[in-house]
Amino acid sequence: MGKIGVPVLVPAGSDDKVDPPQVLREHLLPLIPTATLTELDGVGHLSPLEAPDLVARRLGEFLRSR
């Protein structure tokens, strides 16, 4: 994963019990130097199903910032 050379957005649901944001910050982000984590308040593990509009908005913001 350390060879990924493009910007990566990591959406993390604040209520995710499988991959909580803090675990992703500690264990995933250090492996992908180009990664940015965005925390989705009140969302669990299935963020695209639980909050598709929020996921789309954050992804759009991320893409526009590049």
# chains A, B, ... in the order shown; residues from 1 in each chain; ligands from 1

call {"tool": "select_by_dssp", "arguments": {"residues": "chain A", "states": "alpha helix (DSSP H)", "output": "ChimeraX atom specification"}}
result
/A:21-27,47-50,52-64

call {"tool": "residues_around", "arguments": {"residues": "Asp41 of chain A", "least_positions_apart": "2", "cutoff": "12 Å", "atoms": "only C-alpha atoms", "output": "VMD selection string"}}
result
chain A and resid 11 to 16 20 to 21 38 to 39 43 to 45 47 50 to 51 54 to 55 58

call {"tool": "atom_distance", "arguments": {"atom1": "atom CA of Gly2 of chain A", "atom2": "atom CA of Thr36 of chain A"}}
result
13.8 Å

call {"tool": "residues_around", "arguments": {"residues": "Arg66 of chain A", "least_positions_apart": "5", "cutoff": "12 Å", "atoms": "only C-alpha atoms", "output": "JSON, numbers by chain"}}
result
{"A": [6, 7, 8, 9, 34, 36, 59, 60, 61]}

call {"tool": "closest_residue", "arguments": {"among": "A:Leu46, A:Ile4, A:Ala56, A:Ile32", "to": "Val18 of chain A", "atoms": "only C-alpha atoms"}}
result
A:Leu46

call {"tool": "select_by_dssp", "arguments": {"residues": "segment 2-47 of chain A", "states": "strand (DSSP E)", "output": "list in words"}}
result
Val8, Leu9, Val10, Pro11, Ala12, Gly13, Ala35, Thr36, Leu37, Thr38, Glu39 and Leu40 of chain A

call {"tool": "atom_distance", "arguments": {"atom1": "atom CA of Leu29 of chain A", "atom2": "atom CA of Val10 of chain A"}}
result
8.5 Å

call {"tool": "atom_distance", "arguments": {"atom1": "atom CA of Pro52 of chain A", "atom2": "atom CA of Leu40 of chain A"}}
result
10.9 Å
